[in-house]
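Printed here is query_14.cif (mmCIF, C-alpha atoms):
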data_protein
#
loop_
_atom_site.group_PDB
_atom_site.id
_atom_site.type_symbol
_atom_site.label_atom_id
_atom_site.label_comp_id
_atom_site.auth_asym_id
_atom_site.auth_seq_id
_atom_site.Cartn_x
_atom_site.Cartn_y
_atom_site.Cartn_z
ATOM 1 C CA MET A 1 7.527 14.013 10.402
ATOM 2 C CA GLN A 2 4.982 13.720 7.642
ATOM 3 C CA LYS A 3 4.173 11.138 5.006
ATOM 4 C CA LYS A 4 3.928 11.408 1.245
ATOM 5 C CA VAL A 5 2.644 8.896 -1.264
ATOM 6 C CA PHE A 6 4.702 8.697 -4.456
ATOM 7 C CA GLN A 7 3.582 6.888 -7.575
ATOM 8 C CA LEU A 8 6.316 5.789 -9.952
ATOM 9 C CA LEU A 9 5.997 4.389 -13.423
ATOM 10 C CA VAL A 10 9.202 2.462 -14.123
ATOM 11 C CA ASN A 11 10.591 0.196 -16.803
ATOM 12 C CA ASN A 12 9.666 -3.403 -16.052
ATOM 13 C CA THR A 13 13.260 -4.627 -15.900
ATOM 14 C CA SER A 14 15.171 -6.980 -13.671
ATOM 15 C CA GLY A 15 16.466 -5.320 -10.509
ATOM 16 C CA VAL A 16 14.460 -2.095 -10.766
ATOM 17 C CA LEU A 17 12.866 -2.549 -7.334
ATOM 18 C CA SER A 18 16.269 -3.293 -5.833
ATOM 19 C CA ARG A 19 17.727 -0.096 -7.303
ATOM 20 C CA ILE A 20 14.856 1.968 -5.925
ATOM 21 C CA THR A 21 15.044 0.513 -2.416
ATOM 22 C CA GLY A 22 18.839 0.807 -2.552
ATOM 23 C CA LEU A 23 18.479 4.548 -3.064
ATOM 24 C CA PHE A 24 16.466 4.728 0.160
ATOM 25 C CA SER A 25 18.881 2.616 2.195
ATOM 26 C CA ARG A 26 22.018 4.429 0.945
ATOM 27 C CA ARG A 27 20.606 7.772 2.034
ATOM 28 C CA GLY A 28 18.947 6.582 5.227
ATOM 29 C CA TYR A 29 15.416 7.412 4.055
ATOM 30 C CA ASN A 30 12.486 5.521 5.543
ATOM 31 C CA ILE A 31 9.951 3.568 3.484
ATOM 32 C CA GLU A 32 6.625 3.177 5.299
ATOM 33 C CA SER A 33 5.235 0.886 2.583
ATOM 34 C CA ILE A 34 5.963 -0.113 -0.978
ATOM 35 C CA THR A 35 3.799 -1.949 -3.501
ATOM 36 C CA ALA A 36 4.629 -2.834 -7.073
ATOM 37 C CA GLY A 37 2.896 -4.510 -9.970
ATOM 38 C CA VAL A 38 2.928 -4.634 -13.727
ATOM 39 C CA THR A 39 0.617 -2.176 -15.504
ATOM 40 C CA ALA A 40 -1.756 -2.704 -18.445
ATOM 41 C CA ASP A 41 1.363 -2.241 -20.585
ATOM 42 C CA PRO A 42 3.762 -5.069 -19.613
ATOM 43 C CA ARG A 43 6.783 -2.850 -20.372
ATOM 44 C CA PHE A 44 6.070 -0.837 -17.216
ATOM 45 C CA THR A 45 5.623 -1.417 -13.504
ATOM 46 C CA ARG A 46 3.672 0.914 -11.211
ATOM 47 C CA ILE A 47 5.232 1.365 -7.781
ATOM 48 C CA THR A 48 3.531 3.144 -4.900
ATOM 49 C CA ILE A 49 5.860 4.258 -2.105
ATOM 50 C CA VAL A 50 4.830 5.836 1.172
ATOM 51 C CA ALA A 51 7.810 7.679 2.639
ATOM 52 C CA SER A 52 8.163 9.726 5.800
ATOM 53 C CA GLY A 53 10.369 12.645 6.760
ATOM 54 C CA ASP A 54 10.421 16.407 6.944
ATOM 55 C CA ASP A 55 9.708 18.592 3.891
ATOM 56 C CA GLU A 56 13.375 18.718 2.870
ATOM 57 C CA ILE A 57 13.837 14.942 3.033
ATOM 58 C CA LEU A 58 10.625 14.245 1.113
ATOM 59 C CA GLU A 59 11.658 16.734 -1.579
ATOM 60 C CA GLN A 60 15.073 15.045 -1.822
ATOM 61 C CA ILE A 61 13.434 11.621 -2.132
ATOM 62 C CA GLU A 62 11.369 12.805 -5.085
ATOM 63 C CA LYS A 63 14.377 14.403 -6.802
ATOM 64 C CA GLN A 64 16.607 11.355 -6.266
ATOM 65 C CA LEU A 65 13.942 8.951 -7.544
ATOM 66 C CA ALA A 66 13.440 11.101 -10.657
ATOM 67 C CA LYS A 67 17.159 10.765 -11.453
ATOM 68 C CA LEU A 68 17.027 6.961 -11.648
ATOM 69 C CA GLU A 69 17.346 5.677 -15.214
ATOM 70 C CA ASP A 70 14.378 3.282 -15.023
ATOM 71 C CA VAL A 71 11.945 5.849 -13.583
ATOM 72 C CA ARG A 72 9.737 7.088 -16.433
ATOM 73 C CA ASP A 73 7.275 9.154 -14.385
ATOM 74 C CA ILE A 74 6.970 10.186 -10.745
ATOM 75 C CA ARG A 75 4.251 12.123 -8.991
ATOM 76 C CA GLU A 76 2.894 12.678 -5.544
ATOM 77 C CA LEU A 77 -0.550 11.211 -4.959
ATOM 78 C CA LEU A 78 -2.322 13.885 -2.938
ATOM 79 C CA PRO A 79 -5.057 12.490 -0.674
ATOM 80 C CA GLU A 80 -7.782 14.788 -2.013
ATOM 81 C CA GLN A 81 -6.948 13.930 -5.645
ATOM 82 C CA SER A 82 -6.314 10.204 -5.279
ATOM 83 C CA VAL A 83 -7.768 6.910 -4.159
ATOM 84 C CA TYR A 84 -5.689 4.728 -1.842
ATOM 85 C CA ARG A 85 -6.423 1.110 -1.010
ATOM 86 C CA GLU A 86 -4.758 -1.513 1.106
ATOM 87 C CA LEU A 87 -5.419 -5.214 1.582
ATOM 88 C CA ILE A 88 -5.154 -7.163 4.809
ATOM 89 C CA MET A 89 -5.549 -10.863 5.395
ATOM 90 C CA ILE A 90 -5.947 -11.625 9.070
ATOM 91 C CA LYS A 91 -6.236 -14.970 10.840
ATOM 92 C CA VAL A 92 -8.171 -14.895 14.112
ATOM 93 C CA ARG A 93 -8.514 -17.678 16.669
ATOM 94 C CA ALA A 94 -12.211 -18.507 16.678
ATOM 95 C CA ALA A 95 -13.806 -21.022 18.985
ATOM 96 C CA ALA A 96 -17.306 -22.099 17.969
ATOM 97 C CA GLU A 97 -18.939 -19.642 20.397
ATOM 98 C CA GLN A 98 -16.909 -16.700 18.998
ATOM 99 C CA ARG A 99 -17.436 -17.244 15.285
ATOM 100 C CA GLN A 100 -20.737 -15.377 14.956
ATOM 101 C CA SER A 101 -19.440 -12.237 16.656
ATOM 102 C CA ILE A 102 -16.268 -12.211 14.529
ATOM 103 C CA ILE A 103 -18.341 -12.711 11.369
ATOM 104 C CA ALA A 104 -20.640 -9.845 12.456
ATOM 105 C CA VAL A 105 -17.654 -7.491 12.767
ATOM 106 C CA ALA A 106 -16.379 -8.647 9.355
ATOM 107 C CA ASP A 107 -19.816 -8.025 7.811
ATOM 108 C CA ILE A 108 -19.933 -4.455 9.147
ATOM 109 C CA PHE A 109 -16.667 -3.740 7.296
ATOM 110 C CA ARG A 110 -17.716 -5.675 4.171
ATOM 111 C CA ALA A 111 -14.823 -8.055 4.766
ATOM 112 C CA LYS A 112 -14.827 -11.604 3.413
ATOM 113 C CA ILE A 113 -14.272 -14.828 5.288
ATOM 114 C CA ILE A 114 -11.820 -16.588 2.963
ATOM 115 C CA ASP A 115 -10.893 -19.624 5.061
ATOM 116 C CA VAL A 116 -12.507 -21.508 7.905
ATOM 117 C CA ALA A 117 -10.523 -23.960 10.001
ATOM 118 C CA PRO A 118 -11.533 -25.795 13.184
ATOM 119 C CA GLU A 119 -9.876 -23.169 15.416
ATOM 120 C CA SER A 120 -9.609 -20.061 13.227
ATOM 121 C CA LEU A 121 -11.130 -17.791 10.600
ATOM 122 C CA MET A 122 -9.165 -15.998 7.892
ATOM 123 C CA ILE A 123 -10.610 -12.647 6.856
ATOM 124 C CA GLU A 124 -9.816 -10.468 3.835
ATOM 125 C CA LEU A 125 -10.489 -6.736 3.896
ATOM 126 C CA THR A 126 -9.747 -4.009 1.369
ATOM 127 C CA GLY A 127 -9.982 -0.314 2.155
ATOM 128 C CA ASN A 128 -8.091 2.779 3.168
ATOM 129 C CA GLN A 129 -5.657 2.707 6.098
ATOM 130 C CA GLN A 130 -8.201 4.131 8.545
ATOM 131 C CA LYS A 131 -10.733 1.406 7.716
ATOM 132 C CA ILE A 132 -8.135 -1.340 8.142
ATOM 133 C CA ASP A 133 -6.890 0.148 11.420
ATOM 134 C CA ALA A 134 -10.471 0.451 12.724
ATOM 135 C CA PHE A 135 -11.153 -3.188 11.809
ATOM 136 C CA ILE A 136 -8.036 -4.365 13.638
ATOM 137 C CA GLY A 137 -9.088 -2.241 16.613
ATOM 138 C CA LEU A 138 -12.465 -3.990 16.793
ATOM 139 C CA LEU A 139 -10.715 -7.368 16.784
ATOM 140 C CA ASP A 140 -8.764 -6.318 19.876
ATOM 141 C CA GLY A 141 -10.638 -8.738 22.129
ATOM 142 C CA TYR A 142 -9.768 -11.712 19.924
ATOM 143 C CA GLU A 143 -6.455 -13.446 19.431
ATOM 144 C CA ILE A 144 -4.919 -12.446 16.103
ATOM 145 C CA LEU A 145 -2.787 -15.383 15.020
ATOM 146 C CA GLU A 146 -1.314 -13.910 11.837
ATOM 147 C CA GLN A 147 -1.789 -10.995 9.518
ATOM 148 C CA ALA A 148 -0.430 -9.901 6.158
ATOM 149 C CA ARG A 149 -0.888 -6.301 5.075
ATOM 150 C CA THR A 150 0.011 -5.066 1.593
ATOM 151 C CA GLY A 151 0.662 -1.383 2.072
ATOM 152 C CA ILE A 152 -0.940 1.330 -0.017
ATOM 153 C CA ALA A 153 -1.698 1.086 -3.708
ATOM 154 C CA GLY A 154 -3.080 4.246 -5.226
ATOM 155 C CA LEU A 155 -4.152 6.042 -8.375
ATOM 156 C CA GLY A 156 -4.987 9.649 -9.115
ATOM 157 C CA ARG A 157 -8.647 10.471 -9.666
ATOM 158 C CA GLY A 158 -9.946 11.247 -13.145
ATOM 159 C CA THR A 159 -7.935 11.411 -16.359
ATOM 160 C CA GLU A 160 -5.908 14.602 -15.878
ATOM 161 C CA HIS A 161 -2.662 13.082 -14.620
ATOM 162 C CA ILE A 162 -2.324 9.886 -16.607
ATOM 163 C CA ALA A 163 1.210 9.283 -17.877
ATOM 164 C CA PHE A 164 1.300 8.107 -21.471
ATOM 165 C CA ILE A 165 4.681 6.741 -22.479
ATOM 166 C CA ASP A 166 5.591 5.632 -25.984
#
Is it possible to give me this structure as structure tokens?
Amino acid sequence: MQKKVFQLLVNNTSGVLSRITGLFSRRGYNIESITAGVTADPRFTRITIVASGDDEILEQIEKQLAKLEDVRDIRELLPEQSVYRELIMIKVRAAAEQRQSIIAVADIFRAKIIDVAPESLMIELTGNQQKIDAFIGLLDGYEILEQARTGIAGLGRGTEHIAFID
């Protein structure tokens, strides 16, 4: 099994995300992560999907997505030609004597402390999947109370592959 990152530019219409995820569920394809947000042009939404499967399945996913009426552009974001980022917010139990060591780990990763409560710290970190996974690994000795992870958002490097739609 391998993973591919697909970037879709779709019409910003009601139900478009539902139609895309429905395609995956009807065919039994797996979505590792999905992120969506309006673009600089409010008529369009950019969706980043990480899907897994063998070469044949991943090729089918791309072909089936391209057939959807609302999909205006689809491309694979290759790791060497793209930038991927993910956001995690993580709440860690932090007694007074633990706070400094948790903050030190956060500082190493350039994470931000975004909330302090009497018994916990909430930390925000943005980076690639490996950075986020490494950060979580270093928090292994602490009690993670909650976490919210966005999944990958990505863009191709440079200006070569920008989709311009009229």
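Picked by the PyMOL selection byres ((chain A and resi 118) around 10) from the coordinates shown: Arg93, Ala94, Ala95, Ala96, Val116, Ala117, Glu119, Ser120 and Leu121 of chain A.
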Suppose a student applies the PyMOL selection byres ((chain A and resi 151) around 6) to this structure; what residues should they get, written as a tab-separated table (two decimals) with C-alpha atoms, in the frame of the given file?
chain	number	residue	atom	x	y	z
A	33	SER	CA	5.24	0.89	2.58
A	86	GLU	CA	-4.76	-1.51	1.11
A	149	ARG	CA	-0.89	-6.30	5.08
A	150	THR	CA	0.01	-5.07	1.59
A	152	ILE	CA	-0.94	1.33	-0.02
Between A:Ala163, A:Ala148, A:Ala153, A:Leu58, which has the minimum distance to Ile34 of chain A (counting all atoms listed in the file)?
->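 Going through A:Ala163, A:Ala148, A:Ala153, A:Leu58 one by one, the smallest distance to Ile34 of chain A is for A:Ala153.
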Just want the 12 Å neighbourhood of Gly28 of chain A, counted on only C-alpha atoms, with same-chain residues fewer than 2 positions away dropped. Output as a PDB file with C-alpha atoms, keeping the file's coordinate frame.
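Writing the result to selection-v8.pdb gives the following:
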ATOM      1  CA  THR A  21      15.044   0.513  -2.416  1.00  0.00           C
ATOM      2  CA  GLY A  22      18.839   0.807  -2.552  1.00  0.00           C
ATOM      3  CA  LEU A  23      18.479   4.548  -3.064  1.00  0.00           C
ATOM      4  CA  PHE A  24      16.466   4.728   0.160  1.00  0.00           C
ATOM      5  CA  SER A  25      18.881   2.616   2.195  1.00  0.00           C
ATOM      6  CA  ARG A  26      22.018   4.429   0.945  1.00  0.00           C
ATOM      7  CA  ASN A  30      12.486   5.521   5.543  1.00  0.00           C
ATOM      8  CA  ILE A  31       9.951   3.568   3.484  1.00  0.00           C
ATOM      9  CA  ALA A  51       7.810   7.679   2.639  1.00  0.00           C
ATOM     10  CA  SER A  52       8.163   9.726   5.800  1.00  0.00           C
ATOM     11  CA  GLY A  53      10.369  12.645   6.760  1.00  0.00           C
ATOM     12  CA  ILE A  57      13.837  14.942   3.033  1.00  0.00           C
ATOM     13  CA  GLN A  60      15.073  15.045  -1.822  1.00  0.00           C
ATOM     14  CA  ILE A  61      13.434  11.621  -2.132  1.00  0.00           C
TER      15      ILE A  61
END
Residues within 12 Å of Tyr142 of chain A, only C-alpha atoms, excluding chain neighbours under 4 positions, as a tab-separated table (two decimals) with C-alpha atoms, keeping the file's coordinate frame:
chain	number	residue	atom	x	y	z
A	90	ILE	CA	-5.95	-11.62	9.07
A	91	LYS	CA	-6.24	-14.97	10.84
A	92	VAL	CA	-8.17	-14.90	14.11
A	93	ARG	CA	-8.51	-17.68	16.67
A	94	ALA	CA	-12.21	-18.51	16.68
A	95	ALA	CA	-13.81	-21.02	18.98
A	98	GLN	CA	-16.91	-16.70	19.00
A	99	ARG	CA	-17.44	-17.24	15.28
A	101	SER	CA	-19.44	-12.24	16.66
A	102	ILE	CA	-16.27	-12.21	14.53
A	105	VAL	CA	-17.65	-7.49	12.77
A	120	SER	CA	-9.61	-20.06	13.23
A	121	LEU	CA	-11.13	-17.79	10.60
A	135	PHE	CA	-11.15	-3.19	11.81
A	136	ILE	CA	-8.04	-4.36	13.64
A	137	GLY	CA	-9.09	-2.24	16.61
A	138	LEU	CA	-12.46	-3.99	16.79
A	146	GLU	CA	-1.31	-13.91	11.84
Name the residues in contact with Met89 of chain A at a cut-off of 6 Å, using all atoms listed in the file, excluding same-chain residues fewer than 2 positions from it; report them as JSON, numbers by chain.
-> {"A": [123, 124, 147, 148]}
